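Enquirer: Dropping the structure in here first, questions after.
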Amino acid sequence: MSMELDPDEVFGDEEDDPETEFFKEREATKELLVYLVDASPKMFSTTCPSDDEKTATHFQVAINSIAQSLKSQIINRSYDEVSICFFNTREKKNLQDLSGIYVFNVPEREDLDRPTARLIKEFDLIEERFAKDIGSKYGIVPGSRENSLYNALWVAQALLRKGSAKTADKRILLFTNEDDPFGNLKGVVKVDMMRTTLQRAKDAQDLGIAIELLPLSQPDDEFNVSLFYADLLGLEGDDLAQFKALVGERFEDLKDQLRKRIFKKRRVRRLRLVIFNGLSIELNTYALIRPTNPGRITWLDSMTNLPLKIERSFICADTAAIIQEPPKRFQSYKNENIMFSVAELSEVKRVSTGHLRLLGFKPLTCLKDYHNLKPATFVFPSDEEVIGGTCLFVALHRSMVRLKRFAVAFYGSSSHPQLVALVAQEEIMTSSGQVEPPGMHLIYLPYSDDIRPIEELHTDPNSVPHATDDQIKKASALVKRIDLKDFSVCQFANPALQRHYAVLQALALDEDEMPEIKDETLPDEEGMARPGIVKALEEFKLSVYGENYEEEDSNIEGKVEPTRKRKANAMKEYGNYDWADLADNGKLKDLTVVELKYYLGAHNLPVTGKKEVLISRILTHMDSLGASSYGWHPCIEIFAQCP
């Protein structure tokens, strides 16, 4: 029996299905982010090279990076919420009315809210208005108890009170070029202000708020994180050494570093693997690599431009009043009507609770590549709700690795039930030097496959062509020449998607010009023309096709047929040459390939091949007509064709 499957349904991502638990929990994985930017005079006085080879201040570098990040967020993670907060400012604007803190925002938007087109447009102009509307000053000076950094952390923490740490990731990204904010203070005042600031940071971290530092420094003035921020971030040992090593790299490519911070690996959702009744393991799932698709269409209200929400109400047919309790539904059974409520019908239709239920184990040889219909999901244990789950997961993981088995489980919602495979992965080292922890990959299995070993095809080895040792050697040399070092699919952007996003950006921000899109998928013609690659390619072709491969290709019937336009041009040009004299005196080799093709095109001869092949083809044709023996004339060809 054949089963017709919808490709969009089979190959679609769980996150894009509005009926699945993945889609329902996507809101729970959103991020609440506060950009905390130092606006002290030092940020404006320190300059550094920028992308356009001009000097820019550290403040401009931070602002440009945040602006680019906002444009990416509004498209890729539009349900995240952000806030922009400056500290060490002349003016103040915050709910706590603390001095030196200015929360940047636009009308009709909360201080912590989703990024909007108006916010991005206003923020792009912040450099021009900053000195007049906000201003800059040092917030920590001798003789004053004002602590702008303490106030900034307090305001950021207050902004991130929205939502729960269990349902949203909360972060503070701190931009500054001052590695010792309390360096101007001395004695007890300095110790006391450092202690209170560190305590404020610890309080925020205890509430589930992560604080990350993006230091701004210069090659001749490296940011010394050990002076203060190592204690604020809790860095010590190997973590501190690694952070110091990356300080210069972070500043050189701040936009890329910020993009990595924004689009960090997030937990997709929580799952519970049910071993049997009463015993289960809590798992966190992570999406490793996914193809990027254009965002879904969101219907907006034409007046407020806010997303529309669908609500359903039950209305009485007699009175038109709204019925608070959903009506009963009737089902016929043995000529009798049985009344069900909406909740009861939903429970009847529920195939699964959305968790994983272990069914058994099978050998890894039963799992084939074509069983994987969609990108796998990485699962890792968690002890947040189920204590001891990690120990059970480790025991299960070790047994599966030792016995070379994979687990088969049932997973899915009422609209999308299916079988999945859990494949154990040991700790591995990636090509970039990063260590991937041991865990399991959740693989979605096909609907109509019973996952059993398939018989191998037996083929007569003598009937299969084999490459010679020389051909293998030449092919290996060619591959080594064109191999991309540390290649990753993440290095190349999809040009179609980039153009799609550029159009959206231009429309949303009322930009007059489209941003320039660079197609990174085009071949590197300059690189492929390097002598080493050309030589390796020619040697490979020579080893496979032989010395006369170009001449053989040119003899294929219909291989190259000169067009009428090309032939007309050749007929016009070849009469300007004394071909018999050139052939008798051996001067054909002095002509260019284009000039030789005039002769070939005029006589409907193939025009492919190297220069030597073209000359040989001309001489052969002239000998057949006797042209080189007594002089060439265009009428000779006509006479030769007469009976």
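Please note that chains go A, B, ... in the order of the structure tokens, that every chain numbers its residues from 1, and that ligands are numbered from 1 in the order shown.
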Enumerate as a list in words all residues of segment 104-195 of chain A assigned to strand (DSSP E or B) by DSSP on the backbone, naming them with the chain letters and numbers the document uses.
Expert: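 Assigned to strand (DSSP E or B), within segment 104-195 of chain A: Phe104, Asp113, Ser136, Asp169, Lys170, Arg171, Ile172, Leu173, Leu174, Phe175 and Thr176 of chain A.
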Enquirer: Using backbone DSSP assignments, extract all helix (DSSP H, G or I) residues from segment 326-421 of chain A; output them as an MDAnalysis selection string.
Expert: chainID A and resid 342:349 364:366 369:371 389:403
Enquirer: Excluding same-chain residues fewer than 6 positions from Phe228 of chain A, what lies within 9 Å of it counting only C-alpha atoms, as a list in words?
Expert: Asp179, Asp180, Pro181, Phe182 and Met194 of chain A
Enquirer: Restricting the calculation to only C-alpha atoms: of A:Arg171, A:Arg499, A:Lys473, A:His466, which residue gets closest to Glu516 of chain A?
Expert: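 Checking each candidate against Glu516 of chain A, we get A:Arg499 as the closest.
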Enquirer: Quick one: residues within 6 Å of Val103 of chain A, only C-alpha atoms counted, chain neighbours fewer than 5 positions away excluded, as a ChimeraX atom specification?
Expert: /A:84-85,93-94
Enquirer: Could those residues be written to a file, using N, CA, C and O atoms, as a compact mmCIF listing (two decimals), in the first residue's frame?
Expert:
```txt
# COMPACT_ATOMS: atom_id res chain seq x y z
N ILE A 84 18.11 49.12 25.74
CA ILE A 84 19.40 49.79 25.55
C ILE A 84 19.58 50.80 26.68
O ILE A 84 18.76 51.70 26.86
N CYS A 85 20.65 50.62 27.43
CA CYS A 85 20.87 51.45 28.61
C CYS A 85 22.30 52.01 28.58
O CYS A 85 23.26 51.25 28.40
N LYS A 93 17.45 58.98 32.87
CA LYS A 93 16.11 58.57 32.45
C LYS A 93 15.95 57.09 32.79
O LYS A 93 16.39 56.22 32.05
N ASN A 94 15.35 56.80 33.92
CA ASN A 94 15.12 55.43 34.36
C ASN A 94 14.05 55.45 35.44
O ASN A 94 13.81 56.48 36.08
```
Enquirer: With distances taken over only C-alpha atoms, which of A:Gly208, A:Gly187, A:Asn177, A:Gly601 is nearest to Glu222 of chain A?
Expert: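 Checking each candidate against Glu222 of chain A, we get A:Asn177 as the closest.
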